[in-house]
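Chemist: Pasting run05.cif here (mmCIF, C-alpha atoms and all ligand atoms):
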```cif
data_protein
#
loop_
_atom_site.label_atom_id
_atom_site.label_comp_id
_atom_site.auth_asym_id
_atom_site.auth_seq_id
_atom_site.Cartn_x
_atom_site.Cartn_y
_atom_site.Cartn_z
CA MET A 852 -18.55 6.10 -2.48
CA LEU A 853 -15.76 8.57 -2.05
CA ARG A 854 -16.44 12.15 -3.10
CA GLN A 855 -13.17 13.87 -2.34
CA PHE A 856 -9.67 12.85 -1.26
CA GLN A 857 -7.01 15.47 -0.80
CA VAL A 858 -3.60 15.26 0.88
CA ASP A 859 -2.37 18.70 1.91
CA ASP A 860 1.17 19.62 2.83
CA LEU A 861 1.94 16.55 4.96
CA GLN A 862 4.99 16.71 7.17
CA VAL A 863 6.21 13.73 9.15
CA SER A 864 9.55 13.40 10.92
CA PHE A 865 10.92 10.53 12.97
CA ASN A 866 13.58 11.50 15.51
CA GLY A 867 14.16 14.77 13.69
CA GLU A 868 14.54 13.11 10.28
CA LYS A 869 12.07 14.41 7.70
CA VAL A 870 10.31 11.52 6.01
CA LEU A 871 7.32 13.30 4.46
CA ASN A 872 8.30 16.80 3.49
CA HIS A 873 5.37 19.00 2.44
CA LEU A 874 3.66 16.26 0.44
CA SER A 875 0.46 17.30 -1.35
CA PHE A 876 -1.58 15.44 -3.97
CA GLU A 877 -5.13 14.66 -4.94
CA VAL A 878 -6.72 11.27 -5.43
CA PHE A 879 -9.63 11.09 -7.85
CA PRO A 880 -12.59 9.04 -6.61
CA GLY A 881 -12.76 5.61 -8.24
CA GLU A 882 -9.21 5.65 -9.59
CA MET A 883 -6.29 3.30 -9.08
CA LEU A 884 -3.34 5.36 -7.92
CA ALA A 885 0.01 3.58 -7.84
CA ILE A 886 2.61 4.80 -5.35
CA ILE A 887 6.18 4.15 -6.42
CA GLY A 888 9.56 5.21 -5.11
CA PRO A 889 12.75 3.90 -3.54
CA ASN A 890 12.97 2.05 -0.23
CA GLY A 891 12.65 4.39 2.72
CA ALA A 892 10.91 7.14 0.72
CA GLY A 893 7.98 7.19 3.12
CA LYS A 894 5.38 5.27 1.10
CA SER A 895 4.19 3.03 3.96
CA THR A 896 4.35 6.01 6.30
CA LEU A 897 1.98 7.88 3.97
CA LEU A 898 -0.57 5.04 4.10
CA LYS A 899 -0.34 5.00 7.90
CA VAL A 900 -1.00 8.75 8.00
CA ILE A 901 -4.06 8.27 5.78
CA LEU A 902 -5.24 5.55 8.18
CA GLY A 903 -4.70 7.80 11.20
CA MET A 904 -2.09 5.41 12.66
CA ILE A 905 0.58 8.13 12.44
CA HIS A 906 -0.20 11.75 13.28
CA PRO A 907 1.64 14.18 11.01
CA GLN A 908 3.49 17.15 12.48
CA GLY A 909 1.85 19.27 9.81
CA GLY A 910 -0.71 19.08 7.05
CA ALA A 911 -3.89 17.06 6.72
CA VAL A 912 -5.72 14.35 4.82
CA ARG A 913 -9.22 15.33 3.76
CA MET A 914 -11.68 12.68 2.71
CA GLU A 915 -15.36 13.02 2.00
CA SER A 916 -17.68 10.13 1.40
CA ASP A 917 -21.40 9.48 0.93
CA LYS A 918 -21.18 7.80 4.33
CA ARG A 919 -20.84 9.80 7.52
CA LYS A 920 -17.14 9.01 7.56
CA ALA A 921 -14.98 7.49 4.82
CA VAL A 922 -14.20 3.82 5.47
CA ILE A 923 -10.69 2.60 4.66
CA GLY A 924 -9.60 -0.98 4.01
CA TYR A 925 -5.91 -1.69 4.50
CA VAL A 926 -3.56 -4.54 3.69
CA PRO A 927 -0.24 -3.85 5.43
CA GLN A 928 3.19 -4.43 3.89
CA SER A 929 4.34 -7.37 5.93
CA ARG A 930 2.29 -9.81 7.84
CA THR A 931 4.08 -12.81 9.23
CA ILE A 932 1.74 -15.71 9.70
CA ASP A 933 3.00 -18.85 11.34
CA GLU A 934 2.40 -21.94 9.22
CA GLU A 935 0.85 -23.61 12.22
CA THR A 936 -1.67 -20.81 12.85
CA PRO A 937 -4.88 -22.83 13.27
CA ILE A 938 -7.33 -20.01 12.44
CA GLN A 939 -9.48 -20.69 9.36
CA ALA A 940 -9.48 -18.20 6.51
CA LYS A 941 -13.12 -17.22 7.09
CA ASP A 942 -12.45 -16.45 10.76
CA PHE A 943 -9.41 -14.43 9.75
CA VAL A 944 -11.59 -12.42 7.34
CA SER A 945 -14.16 -11.82 10.09
CA LEU A 946 -11.47 -10.10 12.17
CA GLY A 947 -11.92 -7.14 9.80
CA LEU A 948 -15.47 -6.57 11.06
CA PRO A 949 -16.00 -3.71 13.51
CA ALA A 950 -15.11 -4.71 17.10
CA LYS A 951 -18.01 -5.82 19.29
CA ILE A 952 -18.63 -7.36 22.65
CA VAL A 953 -19.91 -10.85 21.79
CA PRO A 954 -17.34 -13.12 20.16
CA TRP A 955 -19.73 -14.93 17.79
CA LEU A 956 -20.94 -13.73 14.39
CA SER A 957 -24.53 -12.73 13.64
CA GLN A 958 -26.22 -14.13 10.54
CA LYS A 959 -25.74 -10.74 8.84
CA GLU A 960 -22.02 -10.74 9.63
CA ARG A 961 -21.66 -14.27 8.31
CA VAL A 962 -23.21 -13.15 5.03
CA THR A 963 -20.88 -10.14 4.91
CA VAL A 964 -17.83 -12.37 5.36
CA LYS A 965 -19.09 -14.77 2.70
CA LYS A 966 -19.70 -11.92 0.24
CA ALA A 967 -16.22 -10.47 0.83
CA MET A 968 -14.71 -13.90 0.17
CA MET A 969 -16.81 -14.35 -2.95
CA MET A 970 -15.78 -10.92 -4.23
CA THR A 971 -12.12 -11.79 -3.77
CA GLU A 972 -12.52 -15.29 -5.17
CA SER A 973 -11.37 -16.85 -1.94
CA LEU A 974 -14.58 -18.56 -0.80
CA HIS A 975 -13.17 -22.00 -1.62
CA LEU A 976 -10.43 -21.31 0.94
CA ALA A 977 -12.88 -20.47 3.75
CA LYS A 978 -12.20 -23.51 5.91
CA LYS A 979 -8.48 -23.80 5.25
CA PRO A 980 -6.05 -22.77 7.98
CA ILE A 981 -4.61 -19.38 7.03
CA GLY A 982 -1.06 -20.59 7.70
CA ARG A 983 -1.37 -23.29 5.04
CA LEU A 984 -2.39 -21.01 2.16
CA SER A 985 -0.01 -20.08 -0.63
CA GLY A 986 1.25 -16.49 -0.88
CA GLY A 987 -1.30 -15.61 -3.58
CA GLU A 988 -4.21 -17.25 -1.73
CA ARG A 989 -3.22 -15.48 1.45
CA GLN A 990 -3.19 -12.08 -0.26
CA ARG A 991 -6.75 -12.68 -1.48
CA VAL A 992 -7.84 -13.48 2.04
CA PHE A 993 -6.11 -10.32 3.30
CA VAL A 994 -8.01 -8.26 0.72
CA ALA A 995 -11.25 -10.04 1.74
CA GLN A 996 -10.57 -8.95 5.33
CA ALA A 997 -10.06 -5.37 4.16
CA MET A 998 -13.36 -5.56 2.21
CA VAL A 999 -15.72 -6.64 4.99
CA ARG A 1000 -16.42 -3.09 6.10
CA HIS A 1001 -17.37 -1.99 2.58
CA PRO A 1002 -14.50 0.46 2.23
CA ASP A 1003 -14.57 3.62 0.15
CA VAL A 1004 -10.80 3.40 -0.15
CA LEU A 1005 -8.50 0.40 -0.32
CA LEU A 1006 -4.84 0.85 0.66
CA LEU A 1007 -2.52 -1.93 -0.48
CA ASP A 1008 1.09 -1.92 0.65
CA GLU A 1009 3.05 -4.13 -1.74
CA SER A 1010 0.36 -6.78 -1.98
CA THR A 1011 1.98 -8.40 -5.00
CA ALA A 1012 5.50 -8.61 -3.57
CA ASN A 1013 6.74 -12.20 -3.35
CA LEU A 1014 4.07 -13.53 -5.71
CA ASP A 1015 4.92 -15.28 -8.94
CA PRO A 1016 4.07 -13.35 -12.14
CA ASN A 1017 0.82 -15.23 -12.68
CA ALA A 1018 -0.36 -14.67 -9.10
CA GLN A 1019 0.64 -10.99 -9.38
CA GLU A 1020 -1.54 -10.58 -12.46
CA GLN A 1021 -4.46 -12.37 -10.81
CA MET A 1022 -4.16 -10.22 -7.71
CA MET A 1023 -4.05 -6.98 -9.69
CA GLN A 1024 -6.97 -8.06 -11.89
CA LEU A 1025 -8.96 -8.74 -8.75
CA VAL A 1026 -8.12 -5.32 -7.33
CA GLN A 1027 -8.98 -3.67 -10.63
CA ARG A 1028 -12.38 -5.40 -10.65
CA LEU A 1029 -13.07 -4.21 -7.10
CA CYS A 1030 -12.12 -0.71 -8.14
CA LYS A 1031 -14.11 -0.54 -11.36
CA ASN A 1032 -17.17 -2.64 -10.36
CA GLN A 1033 -17.59 -1.43 -6.79
CA GLY A 1034 -16.33 2.12 -7.24
CA ILE A 1035 -13.61 1.66 -4.62
CA THR A 1036 -10.71 4.09 -4.79
CA VAL A 1037 -7.44 2.15 -4.66
CA LEU A 1038 -4.00 3.33 -3.60
CA PHE A 1039 -1.42 0.62 -4.13
CA ILE A 1040 2.30 0.68 -3.40
CA CYS A 1041 4.22 -1.36 -5.93
CA HIS A 1042 7.84 -1.72 -7.01
CA ASP A 1043 6.96 -3.63 -10.17
CA LEU A 1044 6.68 -1.01 -12.89
CA HIS A 1045 5.13 -3.48 -15.31
CA MET A 1046 2.19 -3.90 -12.91
CA VAL A 1047 2.06 -0.15 -12.36
CA LYS A 1048 1.91 0.53 -16.07
CA GLU A 1049 -0.78 -2.04 -16.63
CA TYR A 1050 -3.07 -1.37 -13.69
CA SER A 1051 -2.78 2.23 -12.52
CA ASP A 1052 -4.74 5.21 -13.76
CA ARG A 1053 -2.26 7.63 -12.25
CA VAL A 1054 1.02 7.44 -10.35
CA LEU A 1055 2.46 9.20 -7.33
CA PHE A 1056 6.24 9.04 -7.32
CA MET A 1057 7.87 9.64 -3.93
CA SER A 1058 11.45 10.10 -2.88
CA ARG A 1059 12.81 11.98 0.10
CA ARG A 1060 13.36 15.14 -1.96
CA HIS A 1061 10.95 14.96 -4.81
CA TYR A 1062 7.29 14.15 -5.37
CA GLU A 1063 5.53 13.85 -8.66
CA THR A 1064 1.95 12.97 -9.57
CA GLY A 1065 0.58 12.47 -13.04
CA SER A 1066 -0.86 10.03 -15.51
CA THR A 1067 0.89 6.67 -15.55
CA ASP A 1068 2.52 7.37 -18.90
CA GLU A 1069 3.66 10.83 -17.86
CA VAL A 1070 5.32 9.72 -14.65
CA LEU A 1071 6.80 6.52 -16.02
CA SER A 1072 8.33 8.25 -19.00
CA GLY A 1073 9.62 11.24 -17.10
CA LYS A 1074 12.22 12.15 -14.55
CA ALA A 1075 10.81 9.77 -11.95
CA LEU A 1076 12.29 6.75 -13.68
CA GLU A 1077 15.70 8.35 -13.60
CA TRP A 1078 15.25 9.01 -9.92
CA LEU A 1079 14.27 5.40 -9.39
CA TYR A 1080 16.96 3.69 -11.35
CA HIS A 1081 19.90 6.03 -11.57
CA SER A 1082 22.00 7.99 -9.16
CA THR A 1083 20.89 11.55 -8.60
CA ASP A 1084 22.45 14.53 -6.94
CA ASP A 1085 20.36 14.27 -3.84
CA GLU A 1086 19.31 10.65 -3.43
CA LYS A 1087 22.21 8.33 -3.92
CA PRO A 1088 25.96 8.71 -4.01
CA LYS A 1089 27.33 9.43 -7.48
CA LYS A 1090 29.29 6.57 -8.95
CA THR A 1091 32.04 8.87 -10.10
CA GLY A 1092 35.70 8.06 -9.86
CA LEU A 1093 36.02 10.46 -6.96
CA PHE A 1094 33.17 8.79 -5.08
CA ARG A 1095 34.68 5.35 -5.63
CA GLU A 1096 38.01 6.54 -4.29
CA GLN A 1097 36.40 8.04 -1.22
CA ARG A 1098 34.27 4.96 -0.61
CA ASP A 1099 37.24 2.65 -0.99
CA ARG A 1100 39.21 4.74 1.47
CA VAL A 1101 36.38 4.65 4.00
CA THR A 1102 35.89 0.92 3.68
CA ASP A 1103 39.58 -0.10 3.40
CA HIS A 1104 39.88 -0.80 7.09
CA LEU A 1105 37.00 -3.29 6.95
CA PHE A 1106 38.91 -5.77 4.83
N1 LIG B 1201 7.65 4.39 13.52
C1 LIG B 1201 8.82 4.79 13.02
N2 LIG B 1201 9.79 5.27 13.82
C2 LIG B 1201 10.96 5.72 13.32
N3 LIG B 1201 11.26 5.70 12.02
C3 LIG B 1201 10.34 5.21 11.17
C4 LIG B 1201 9.07 4.74 11.62
N4 LIG B 1201 8.36 4.33 10.55
C5 LIG B 1201 9.16 4.54 9.48
N5 LIG B 1201 10.33 5.07 9.85
C6 LIG B 1201 11.41 5.46 8.94
O1 LIG B 1201 10.85 6.30 7.96
C7 LIG B 1201 11.45 6.04 6.70
C8 LIG B 1201 10.36 5.73 5.68
O2 LIG B 1201 9.84 4.44 6.00
P1 LIG B 1201 8.68 3.77 5.14
O3 LIG B 1201 8.42 2.44 5.75
O4 LIG B 1201 7.54 4.71 5.05
O5 LIG B 1201 9.39 3.64 3.72
P2 LIG B 1201 8.87 2.96 2.40
O6 LIG B 1201 8.89 4.00 1.33
O7 LIG B 1201 7.59 2.27 2.65
O8 LIG B 1201 10.02 1.91 2.08
P3 LIG B 1201 9.96 0.41 1.48
O9 LIG B 1201 9.86 0.54 -0.01
O10 LIG B 1201 11.26 -0.19 1.90
O11 LIG B 1201 8.79 -0.30 2.09
C9 LIG B 1201 12.47 4.93 6.90
O12 LIG B 1201 13.74 5.50 7.04
C10 LIG B 1201 12.01 4.28 8.20
O13 LIG B 1201 13.10 3.74 8.90
MG MG B 1202 6.99 0.30 2.74
#
```
Can the structure in the file be given as structure tokens, please?
Modeler:
Amino acid sequence: MLRQFQVDDLQVSFNGEKVLNHLSFEVFPGEMLAIIGPNGAGKSTLLKVILGMIHPQGGAVRMESDKRKAVIGYVPQSRTIDEETPIQAKDFVSLGLPAKIVPWLSQKERVTVKKAMMMTESLHLAKKPIGRLSGGERQRVFVAQAMVRHPDVLLLDESTANLDPNAQEQMMQLVQRLCKNQGITVLFICHDLHMVKEYSDRVLFMSRRHYETGSTDEVLSGKALEWLYHSTDDEKPKKTGLFREQRDRVTDHLF
């Protein structure tokens, strides 16, 4: 179980462009924190910093767990899987186990894989080739893979994107069960505000210039929505007459 999770003053730049600009927030153990914000705001980058895949130029992520070191499960934003990929779902799940020298699974590891698939209601898919699963089935298998190491924290990067509304609900219900029954702390990036409203305890809103954390109702009823859906001074060009004129002048030569 997670005891503490604090993000302090993170700064990340790519080629001199600031993507995370003094970002600080706290995650409460056992909560579902939704991360929302426009494309390019740095949401996926944040998850990669938490995972240690990207080293920030400044700031730190502090996590404390009952274990020696906090374990993180991660389902990345995009995973292209060829339809012809012959690997069975259960073998795909086992790839989430810690690396080892021998390529075969011990009895204990087999049980761990089975449990993770049971937990994510994907056991019936165990022998199916991963490439032949539907989008929703595949996402369950991805979460099963993230679960095999008994994570304290689960990071989901748009796991419901491209799913139909019913599959989205099922996926989020599954994640909520994992969170509430197993005490896993969940951070999920989501552009669907209906899902955010229904399944998050709190929300982190991110844009390049502004961060906001609060209860789901607070953030979704406040300024963040304006930032998401309307032009602002600092995020998007104003759709004023002057802007239109300037834009039309700039693009005239293209037509
Ligand atoms: N490894 C990298 N090298 C250079 N630039 C990067 C790298 N990773 C991300 N970026 C840039 O950082 C910015 C933030 O990217 P990120 O993927 O974190 O955005 P996001 O909020 O997840 O967006 P989306 O909602 O579209 O997934 C983008 O402008 C992206 O091009
Ligand atoms: Mg992203």
Chemist: If the limit is 10 Å from any atom of ligand LIG 1201 (chain B), counting all atoms listed in the file, which residues qualify? Return them as a ChimeraX atom specification.
Modeler: /A:863-871,886-900,904-905,928-929,1008-1009,1040-1042,1057-1059
Chemist: Can you write just those residues out, C-alpha atoms, as a PDB file, keeping the file's coordinate frame?
Modeler:
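Dumped to selection-v2.pdb:
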```pdb
ATOM      1  CA  VAL A 863       6.210  13.730   9.150  1.00  0.00           C
ATOM      2  CA  SER A 864       9.550  13.400  10.920  1.00  0.00           C
ATOM      3  CA  PHE A 865      10.920  10.530  12.970  1.00  0.00           C
ATOM      4  CA  ASN A 866      13.580  11.500  15.510  1.00  0.00           C
ATOM      5  CA  GLY A 867      14.160  14.770  13.690  1.00  0.00           C
ATOM      6  CA  GLU A 868      14.540  13.110  10.280  1.00  0.00           C
ATOM      7  CA  LYS A 869      12.070  14.410   7.700  1.00  0.00           C
ATOM      8  CA  VAL A 870      10.310  11.520   6.010  1.00  0.00           C
ATOM      9  CA  LEU A 871       7.320  13.300   4.460  1.00  0.00           C
ATOM     10  CA  ILE A 886       2.610   4.800  -5.350  1.00  0.00           C
ATOM     11  CA  ILE A 887       6.180   4.150  -6.420  1.00  0.00           C
ATOM     12  CA  GLY A 888       9.560   5.210  -5.110  1.00  0.00           C
ATOM     13  CA  PRO A 889      12.750   3.900  -3.540  1.00  0.00           C
ATOM     14  CA  ASN A 890      12.970   2.050  -0.230  1.00  0.00           C
ATOM     15  CA  GLY A 891      12.650   4.390   2.720  1.00  0.00           C
ATOM     16  CA  ALA A 892      10.910   7.140   0.720  1.00  0.00           C
ATOM     17  CA  GLY A 893       7.980   7.190   3.120  1.00  0.00           C
ATOM     18  CA  LYS A 894       5.380   5.270   1.100  1.00  0.00           C
ATOM     19  CA  SER A 895       4.190   3.030   3.960  1.00  0.00           C
ATOM     20  CA  THR A 896       4.350   6.010   6.300  1.00  0.00           C
ATOM     21  CA  LEU A 897       1.980   7.880   3.970  1.00  0.00           C
ATOM     22  CA  LEU A 898      -0.570   5.040   4.100  1.00  0.00           C
ATOM     23  CA  LYS A 899      -0.340   5.000   7.900  1.00  0.00           C
ATOM     24  CA  VAL A 900      -1.000   8.750   8.000  1.00  0.00           C
ATOM     25  CA  MET A 904      -2.090   5.410  12.660  1.00  0.00           C
ATOM     26  CA  ILE A 905       0.580   8.130  12.440  1.00  0.00           C
ATOM     27  CA  GLN A 928       3.190  -4.430   3.890  1.00  0.00           C
ATOM     28  CA  SER A 929       4.340  -7.370   5.930  1.00  0.00           C
ATOM     29  CA  ASP A1008       1.090  -1.920   0.650  1.00  0.00           C
ATOM     30  CA  GLU A1009       3.050  -4.130  -1.740  1.00  0.00           C
ATOM     31  CA  ILE A1040       2.300   0.680  -3.400  1.00  0.00           C
ATOM     32  CA  CYS A1041       4.220  -1.360  -5.930  1.00  0.00           C
ATOM     33  CA  HIS A1042       7.840  -1.720  -7.010  1.00  0.00           C
ATOM     34  CA  MET A1057       7.870   9.640  -3.930  1.00  0.00           C
ATOM     35  CA  SER A1058      11.450  10.100  -2.880  1.00  0.00           C
ATOM     36  CA  ARG A1059      12.810  11.980   0.100  1.00  0.00           C
TER      37      ARG A1059
END
```
Chemist: In Å, rounded to a single decimal, give me how far CA of Gln958 in chain A is from CA of Gln996 in chain A.
Modeler: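 Result for CA of Gln996 in chain A versus CA of Gln958 in chain A: 17.3 Å, one decimal.
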Chemist: For CA of Pro927 in chain A and CA of Ala940 in chain A, quote the distance in Å rounded to one decimal.
Modeler: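 Calculated distance between CA of Pro927 in chain A and CA of Ala940 in chain A is 17.1 Å.
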Chemist: Using all atoms listed in the file, which of the listed residues (A:Ala1012, A:Cys1030, A:Leu984, A:Ala995) sits closest to ligand MG 1202 (chain B)?
Modeler: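 Distance minimum relative to ligand MG 1202 (chain B) lands on A:Ala1012.
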Chemist: Pick out the residues sitting within 10 Å of Thr1011 in chain A, and hand them over as a ChimeraX atom specification; count all atoms listed in the file, and ignore anything fewer than 6 positions along from it in its own chain.
Modeler: /A:928,986-987,990,1018-1023,1039-1043,1046
Chemist: Write to file, as a PDB file, keeping the file's coordinate frame, the residues of the selection just made, with C-alpha atoms.
Modeler:
```pdb
ATOM      1  CA  GLN A 928       3.190  -4.430   3.890  1.00  0.00           C
ATOM      2  CA  GLY A 986       1.250 -16.490  -0.880  1.00  0.00           C
ATOM      3  CA  GLY A 987      -1.300 -15.610  -3.580  1.00  0.00           C
ATOM      4  CA  GLN A 990      -3.190 -12.080  -0.260  1.00  0.00           C
ATOM      5  CA  ALA A1018      -0.360 -14.670  -9.100  1.00  0.00           C
ATOM      6  CA  GLN A1019       0.640 -10.990  -9.380  1.00  0.00           C
ATOM      7  CA  GLU A1020      -1.540 -10.580 -12.460  1.00  0.00           C
ATOM      8  CA  GLN A1021      -4.460 -12.370 -10.810  1.00  0.00           C
ATOM      9  CA  MET A1022      -4.160 -10.220  -7.710  1.00  0.00           C
ATOM     10  CA  MET A1023      -4.050  -6.980  -9.690  1.00  0.00           C
ATOM     11  CA  PHE A1039      -1.420   0.620  -4.130  1.00  0.00           C
ATOM     12  CA  ILE A1040       2.300   0.680  -3.400  1.00  0.00           C
ATOM     13  CA  CYS A1041       4.220  -1.360  -5.930  1.00  0.00           C
ATOM     14  CA  HIS A1042       7.840  -1.720  -7.010  1.00  0.00           C
ATOM     15  CA  ASP A1043       6.960  -3.630 -10.170  1.00  0.00           C
ATOM     16  CA  MET A1046       2.190  -3.900 -12.910  1.00  0.00           C
TER      17      MET A1046
END
```
Chemist: Could you check the closest approach to Pro937 in chain A for each of A:Glu915, A:Met968, A:Thr1036, A:Lys978 and tell me which residue wins, using only C-alpha atoms?
Modeler: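 Between A:Glu915, A:Met968, A:Thr1036, A:Lys978, the residue approaching Pro937 in chain A most closely is A:Lys978.
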Chemist: When you count all atoms listed in the file, which of these residues is closest to ligand MG 1202 (chain B): A:Ser945, A:Trp955, A:Val1070, A:Leu1007?
Modeler: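 Between A:Ser945, A:Trp955, A:Val1070, A:Leu1007, the residue approaching ligand MG 1202 (chain B) most closely is A:Leu1007.
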Chemist: Could you check how far CA of Gln862 in chain A sits from CA of Gly910 in chain A, in Å to one decimal?
Modeler: 6.2 Å
Chemist: To box range 910-918 of chain A, take all atoms listed in the file, fit an axis-aligned box, add 8 Å on each side, and give centre and edge lengths in Å to one decimal, as AutoDock Vina command-line options.
Modeler:
```
--center_x -11.1 --center_y 13.4 --center_z 4.0 --size_x 36.7 --size_y 27.3 --size_z 22.1
```
